[in-house]
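Source file model_7.csv; content: CSV, C-alpha atoms.
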```csv
chain,number,residue,atom,x,y,z
A,1,MET,CA,-41.7,18.5,41.1
A,2,THR,CA,-45.1,18.7,39.2
A,3,ILE,CA,-45.2,21.2,36.4
A,4,TYR,CA,-48.7,22.7,35.8
A,5,CYS,CA,-49.7,23.4,32.2
A,6,HIS,CA,-52.5,25.9,31.5
A,7,LEU,CA,-55.6,24.8,29.6
A,8,SER,CA,-55.4,25.2,25.9
A,9,PRO,CA,-58.1,26.6,23.6
A,10,GLU,CA,-58.8,23.1,22.4
A,11,GLU,CA,-59.3,21.9,26.0
A,12,ARG,CA,-61.6,24.8,26.8
A,13,ALA,CA,-63.7,23.9,23.7
A,14,VAL,CA,-64.0,20.3,25.0
A,15,ILE,CA,-65.1,21.6,28.4
A,16,MET,CA,-67.8,23.8,26.7
A,17,ILE,CA,-69.1,20.9,24.6
A,18,GLU,CA,-69.2,18.4,27.6
A,19,ARG,CA,-70.9,20.9,29.9
A,20,ASN,CA,-73.5,21.5,27.3
A,21,ASN,CA,-74.0,17.7,27.3
A,22,ASN,CA,-74.4,17.8,31.1
A,23,SER,CA,-71.2,15.8,31.7
A,24,SER,CA,-69.8,15.8,35.2
A,25,LEU,CA,-66.5,17.5,36.2
A,26,ARG,CA,-64.9,14.1,36.8
A,27,THR,CA,-66.0,12.9,33.3
A,28,ILE,CA,-64.5,16.0,31.6
A,29,ALA,CA,-61.3,15.6,33.7
A,30,ARG,CA,-60.9,12.0,32.5
A,31,ILE,CA,-61.4,13.0,28.9
A,32,LEU,CA,-58.7,15.7,29.2
A,33,ASN,CA,-56.5,13.7,31.5
A,34,ARG,CA,-56.8,16.6,34.0
A,35,SER,CA,-57.8,16.8,37.7
A,36,ALA,CA,-61.4,17.6,38.5
A,37,SER,CA,-60.2,20.5,40.5
A,38,THR,CA,-58.6,22.1,37.4
A,39,ILE,CA,-62.0,21.9,35.6
A,40,SER,CA,-63.8,23.3,38.6
A,41,ARG,CA,-61.4,26.3,38.9
A,42,GLU,CA,-61.8,26.9,35.1
A,43,LEU,CA,-65.5,27.1,35.3
A,44,LYS,CA,-65.5,29.3,38.4
A,45,ARG,CA,-63.0,31.8,37.1
A,46,ASN,CA,-64.3,32.2,33.5
A,47,ARG,CA,-68.1,32.4,33.9
A,48,ALA,CA,-70.0,35.6,34.6
A,49,ASN,CA,-71.8,33.8,37.4
A,50,LYS,CA,-72.3,30.2,38.4
A,51,ASN,CA,-75.7,30.0,36.6
A,52,SER,CA,-74.3,31.3,33.3
A,53,ILE,CA,-73.2,29.0,30.4
A,54,TYR,CA,-69.5,28.4,30.0
A,55,CYS,CA,-68.1,29.8,26.7
A,56,ALA,CA,-64.7,28.6,25.5
A,57,ARG,CA,-64.0,31.8,23.5
A,58,SER,CA,-64.9,34.3,26.3
A,59,ALA,CA,-63.0,32.0,28.8
A,60,GLY,CA,-59.9,32.3,26.7
A,61,GLN,CA,-60.2,36.1,26.4
A,62,GLN,CA,-60.5,36.3,30.2
A,63,TYR,CA,-57.4,34.1,30.6
A,64,ASP,CA,-55.4,36.3,28.1
A,65,SER,CA,-56.5,39.4,30.0
A,66,ARG,CA,-55.3,38.1,33.3
A,67,ARG,CA,-52.0,36.9,31.8
A,68,GLU,CA,-51.3,40.4,30.3
A,69,ALA,CA,-52.1,42.1,33.6
A,70,CYS,CA,-49.6,40.0,35.5
A,71,VAL,CA,-46.7,40.4,33.0
A,72,LYS,CA,-44.0,42.8,34.2
A,73,PRO,CA,-43.3,45.5,31.6
A,74,THR,CA,-40.0,45.2,29.8
A,75,LYS,CA,-37.4,47.6,31.2
A,76,LEU,CA,-35.0,47.6,28.2
A,77,VAL,CA,-37.1,48.8,25.2
A,78,PHE,CA,-35.7,49.6,21.8
A,79,GLY,CA,-35.2,53.4,21.2
A,80,THR,CA,-35.3,54.5,24.8
A,81,TYR,CA,-32.5,56.5,26.5
A,82,LEU,CA,-31.5,53.5,28.6
A,83,TYR,CA,-31.3,51.3,25.5
A,84,GLN,CA,-29.0,53.8,23.8
A,85,ILE,CA,-26.7,53.9,26.7
A,86,ILE,CA,-26.5,50.0,26.8
A,87,LYS,CA,-26.0,49.9,23.1
A,88,LYS,CA,-23.1,52.5,23.2
A,89,CYS,CA,-21.4,50.6,26.1
A,90,LEU,CA,-21.7,47.3,24.3
A,91,LEU,CA,-20.7,48.3,20.8
A,92,ASN,CA,-18.3,51.3,21.3
A,93,LYS,CA,-16.7,50.5,24.7
A,94,GLN,CA,-16.8,46.7,24.2
A,95,TRP,CA,-18.1,46.2,27.8
A,96,SER,CA,-19.7,43.0,28.9
A,97,PRO,CA,-23.3,43.0,30.2
A,98,GLU,CA,-22.0,42.4,33.7
A,99,GLN,CA,-19.7,45.5,33.5
A,100,ILE,CA,-22.6,47.6,32.1
A,101,SER,CA,-24.9,46.4,34.9
A,102,VAL,CA,-22.4,47.2,37.7
A,103,THR,CA,-21.6,50.6,36.1
A,104,MET,CA,-25.2,51.6,35.8
A,105,LYS,CA,-26.0,50.7,39.4
A,106,ARG,CA,-23.1,52.9,40.6
A,107,GLY,CA,-23.7,55.8,38.2
A,108,TYR,CA,-27.4,55.9,38.8
A,109,ALA,CA,-27.6,54.9,42.4
A,110,GLU,CA,-30.7,57.1,43.1
A,111,GLN,CA,-32.5,56.2,39.8
A,112,LYS,CA,-34.0,52.7,40.0
A,113,ASN,CA,-35.4,53.0,36.4
A,114,MET,CA,-31.8,53.3,35.1
A,115,GLN,CA,-30.5,50.2,36.9
A,116,ILE,CA,-30.6,47.0,35.0
A,117,SER,CA,-29.4,43.4,35.5
A,118,HIS,CA,-27.0,41.7,33.1
A,119,GLU,CA,-29.5,39.0,32.4
A,120,THR,CA,-32.0,41.6,31.1
A,121,ILE,CA,-29.3,42.9,28.7
A,122,TYR,CA,-28.5,39.4,27.5
A,123,ARG,CA,-32.3,38.7,26.9
A,124,CYS,CA,-32.6,41.9,25.0
A,125,ILE,CA,-29.7,41.1,22.7
A,126,TYR,CA,-30.8,37.6,21.8
A,127,ALA,CA,-34.5,38.7,21.5
A,128,HIS,CA,-33.5,41.1,18.7
A,129,PRO,CA,-34.8,40.3,15.2
A,130,LYS,CA,-32.2,38.9,12.9
A,131,GLY,CA,-30.2,41.6,11.2
A,132,GLU,CA,-26.9,43.6,11.2
A,133,LEU,CA,-27.5,45.2,14.6
A,134,LYS,CA,-28.0,41.8,16.3
A,135,LYS,CA,-24.9,40.4,14.7
A,136,ARG,CA,-22.9,43.3,16.0
A,137,MET,CA,-24.3,43.0,19.5
A,138,VAL,CA,-23.7,39.2,19.6
A,139,SER,CA,-20.1,39.6,18.2
A,140,ALA,CA,-19.4,42.2,20.9
A,141,LEU,CA,-20.0,39.6,23.7
A,142,ARG,CA,-17.1,37.6,25.1
A,143,ARG,CA,-18.8,34.4,24.1
A,144,LYS,CA,-20.4,34.8,20.7
A,145,LYS,CA,-23.2,32.2,20.8
A,146,SER,CA,-25.8,32.2,18.0
A,147,LYS,CA,-28.4,31.4,20.6
A,148,ARG,CA,-28.8,31.4,24.4
A,149,GLY,CA,-30.6,29.0,26.7
A,150,PRO,CA,-30.3,27.1,30.0
A,151,ARG,CA,-27.0,25.5,30.8
A,152,GLY,CA,-26.7,22.0,29.4
A,153,SER,CA,-29.5,22.6,26.9
A,154,LYS,CA,-28.8,21.0,23.5
A,155,SER,CA,-30.8,23.8,21.8
A,156,ILE,CA,-28.5,26.6,22.9
A,157,ASN,CA,-26.5,26.7,19.7
A,158,TYR,CA,-28.1,24.2,17.4
A,159,SER,CA,-31.6,23.2,16.3
A,160,SER,CA,-32.5,20.1,14.3
A,161,VAL,CA,-35.6,21.8,12.9
A,162,LYS,CA,-35.0,24.9,10.7
A,163,VAL,CA,-37.9,27.3,10.7
A,164,ASN,CA,-38.2,30.4,8.5
A,165,ASP,CA,-38.5,33.8,10.2
A,166,ASP,CA,-42.0,34.3,8.8
A,167,GLN,CA,-43.2,31.0,10.2
A,168,PHE,CA,-43.0,32.0,13.9
A,169,ILE,CA,-46.3,32.6,15.7
A,170,HIS,CA,-45.4,36.2,16.6
A,171,CYS,CA,-45.0,37.0,12.9
A,172,ARG,CA,-48.6,36.1,12.0
A,173,PRO,CA,-50.8,38.9,10.7
A,174,GLU,CA,-52.7,41.1,13.2
A,175,GLU,CA,-56.2,39.9,12.0
A,176,ILE,CA,-55.2,36.3,12.9
A,177,LYS,CA,-53.6,37.3,16.2
A,178,GLU,CA,-56.6,39.3,17.3
A,179,ARG,CA,-59.1,36.7,16.0
A,180,LYS,CA,-60.8,39.4,13.8
A,181,VAL,CA,-61.2,37.2,10.7
A,182,ALA,CA,-62.7,33.7,10.5
A,183,GLY,CA,-61.0,30.9,8.6
A,184,HIS,CA,-57.8,30.4,10.6
A,185,TRP,CA,-57.4,27.2,12.5
A,186,GLU,CA,-55.2,25.8,15.2
A,187,GLY,CA,-54.6,22.1,15.7
A,188,ASP,CA,-53.6,20.1,18.7
A,189,LEU,CA,-53.5,16.6,20.1
A,190,ILE,CA,-55.1,15.4,23.3
A,191,THR,CA,-53.9,12.1,24.7
A,192,GLY,CA,-55.7,9.8,27.1
A,193,SER,CA,-54.4,7.9,30.2
A,194,LYS,CA,-51.0,6.3,29.5
A,195,ASN,CA,-51.2,7.4,25.9
A,196,GLN,CA,-53.6,4.6,25.1
A,197,SER,CA,-55.9,6.9,23.1
A,198,CYS,CA,-55.7,10.3,21.5
A,199,ILE,CA,-58.0,12.8,19.9
A,200,GLY,CA,-57.0,15.4,17.3
A,201,THR,CA,-58.6,18.9,17.7
A,202,LEU,CA,-59.1,21.7,15.2
A,203,VAL,CA,-60.3,25.0,16.5
A,204,GLU,CA,-61.3,28.0,14.4
A,205,ARG,CA,-59.7,31.0,16.1
A,206,ALA,CA,-62.4,33.6,15.6
A,207,THR,CA,-65.6,31.5,16.3
A,208,ALA,CA,-64.0,28.8,18.6
A,209,TYR,CA,-65.7,26.2,16.4
A,210,LEU,CA,-64.3,22.8,17.3
A,211,ILE,CA,-63.7,19.7,15.2
A,212,LEU,CA,-62.7,16.5,17.0
A,213,SER,CA,-61.0,13.6,15.2
A,214,GLU,CA,-60.3,10.2,16.7
A,215,MET,CA,-56.7,9.0,16.1
A,216,LYS,CA,-55.5,5.4,16.2
A,217,ARG,CA,-52.0,6.4,17.2
A,218,LYS,CA,-49.8,9.5,17.7
A,219,PRO,CA,-47.3,9.3,14.7
A,220,ALA,CA,-47.5,12.1,12.2
A,221,LEU,CA,-48.9,9.9,9.4
A,222,ASN,CA,-51.8,8.7,11.7
A,223,LEU,CA,-52.6,12.3,12.6
A,224,ARG,CA,-52.7,13.4,9.0
A,225,VAL,CA,-55.0,10.5,8.0
A,226,GLY,CA,-57.2,11.3,11.0
A,227,PHE,CA,-57.6,15.0,10.1
A,228,GLU,CA,-58.1,14.2,6.4
A,229,LYS,CA,-61.2,12.2,7.3
A,230,LYS,CA,-62.8,15.4,8.7
```
Written form, C-alpha cells:
Amino acid sequence: MTIYCHLSPEERAVIMIERNNNSSLRTIARILNRSASTISRELKRNRANKNSIYCARSAGQQYDSRREACVKPTKLVFGTYLYQIIKKCLLNKQWSPEQISVTMKRGYAEQKNMQISHETIYRCIYAHPKGELKKRMVSALRRKKSKRGPRGSKSINYSSVKVNDDQFIHCRPEEIKERKVAGHWEGDLITGSKNQSCIGTLVERATAYLILSEMKRKPALNLRVGFEKK
C-alpha cells in the first residue's frame, strides 16, 4: 500500500523558486522525487487563479486552514462535565476505560454528546502533560504502561532518544508557531532518486526565505558541514 506524504514547507519553497524560473512540472517533480500530478494539484489548489504567481507562504497557510477545518473536535476536553465524570470513574471507582465507555452509553442512551469510546479515554490519559494527575490516571489502568502505541511497536514503552519536555514542537512560543517574528528557521533534507543525491533546506518561518545546500551524503556530519558552508 502506498502512503502519501503531504508537501513540506521546504518543498513548497522549491516549487515557488522553480516556477519563477519557468521550470516545467515534470522538472520540479524530478527535483522533489514526486509525481507531476502532485505538483499540478498543489499549484491548482493554492493559487488565487491559474494566472497568479505561486507563493510558498500563502500556499502553506491555505493548506493549514484546510487541515484545521477537517479535524474533528476533541470530545473529551479537560475541565468539562464529561471529563470530570471520566476522571471520577477512573480514579475513585477504579473502572477501566472499557467499563466507563459501556456505562456511559447505557446511562446516557439519549445523549450522544455524553457517549465516548474507550480509545478516546486512553488517548486523553496518555496525551496529558507529565505530572501527578497523569501518574494517577496511568496507575489506575489495569496495564500501567508509561507510553501507548500500536501493537508490536518498539516505541510503546521505551525510546532510545530522550527529549526534554520543552523541546517538543508544541511547546515552542506562540510568536514562532504563528510565524509572527522573523529569525526562526526550519531545516529539512530532500533526497533524489534512489538516494543518490540530497539537498539540505533551511526555511525562515515568517518570510519563507529559502536556503538550499548541496550535500554529498546523508550522514549527520555531512549535513552539518553542508549547512555550515551557507
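Residues in contact range of A:Gln62, defined as at most 10 Å between all atoms listed in the file, with sequence neighbours fewer than 4 positions away removed, read Arg45, Asn46, Arg47, Ala56, Arg57, Ser58, Arg66 and Arg67 of chain A.
Of the residues under consideration (A:Leu32, A:Gln99, A:Asn51, A:Tyr83), A:Tyr83 shows the shortest atom-to-atom contact distance to A:Ile125 when counting all atoms listed in the file.
Near (-71.4, 25.8, 29.8), the residues that fall inside 7 Å on the basis of all atoms listed in the file are A:Met16, A:Arg19, A:Asn20, A:Ile53, A:Tyr54, A:Cys55.
Residues in contact with A:Ala220 at 12 Å, where all atoms listed in the file are counted and same-chain residues fewer than 6 positions away are skipped, are listed as Asp188, Leu189, Gly200, Gly226 and Phe227 of chain A.
You can rank A:Ile169, A:Cys124, A:Ile15, A:Ile190 by their closest distance to A:Val77 using all atoms listed in the file, and at the top of that list sits A:Cys124.
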> Near A:Pro97, within 9 Å and counting all atoms listed in the file, which residues show up once chain neighbours fewer than 5 positions away are dropped, as a PyMOL selection string?
Replying inline: chain A and resi 86+89-90+102+117-122+141
Could you write out the selected residues, including C-alpha atoms, as a short mmCIF file (atom, residue, chain, number, x, y, z; two decimals), keeping the file's coordinate frame?
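Wrote it out as again15.cif, contents follow:
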```cif
data_model
loop_
_atom_site.label_atom_id
_atom_site.label_comp_id
_atom_site.auth_asym_id
_atom_site.auth_seq_id
_atom_site.Cartn_x
_atom_site.Cartn_y
_atom_site.Cartn_z
CA ILE A 86 -26.50 50.00 26.80
CA CYS A 89 -21.40 50.60 26.10
CA LEU A 90 -21.70 47.30 24.30
CA VAL A 102 -22.40 47.20 37.70
CA SER A 117 -29.40 43.40 35.50
CA HIS A 118 -27.00 41.70 33.10
CA GLU A 119 -29.50 39.00 32.40
CA THR A 120 -32.00 41.60 31.10
CA ILE A 121 -29.30 42.90 28.70
CA TYR A 122 -28.50 39.40 27.50
CA LEU A 141 -20.00 39.60 23.70
#
```
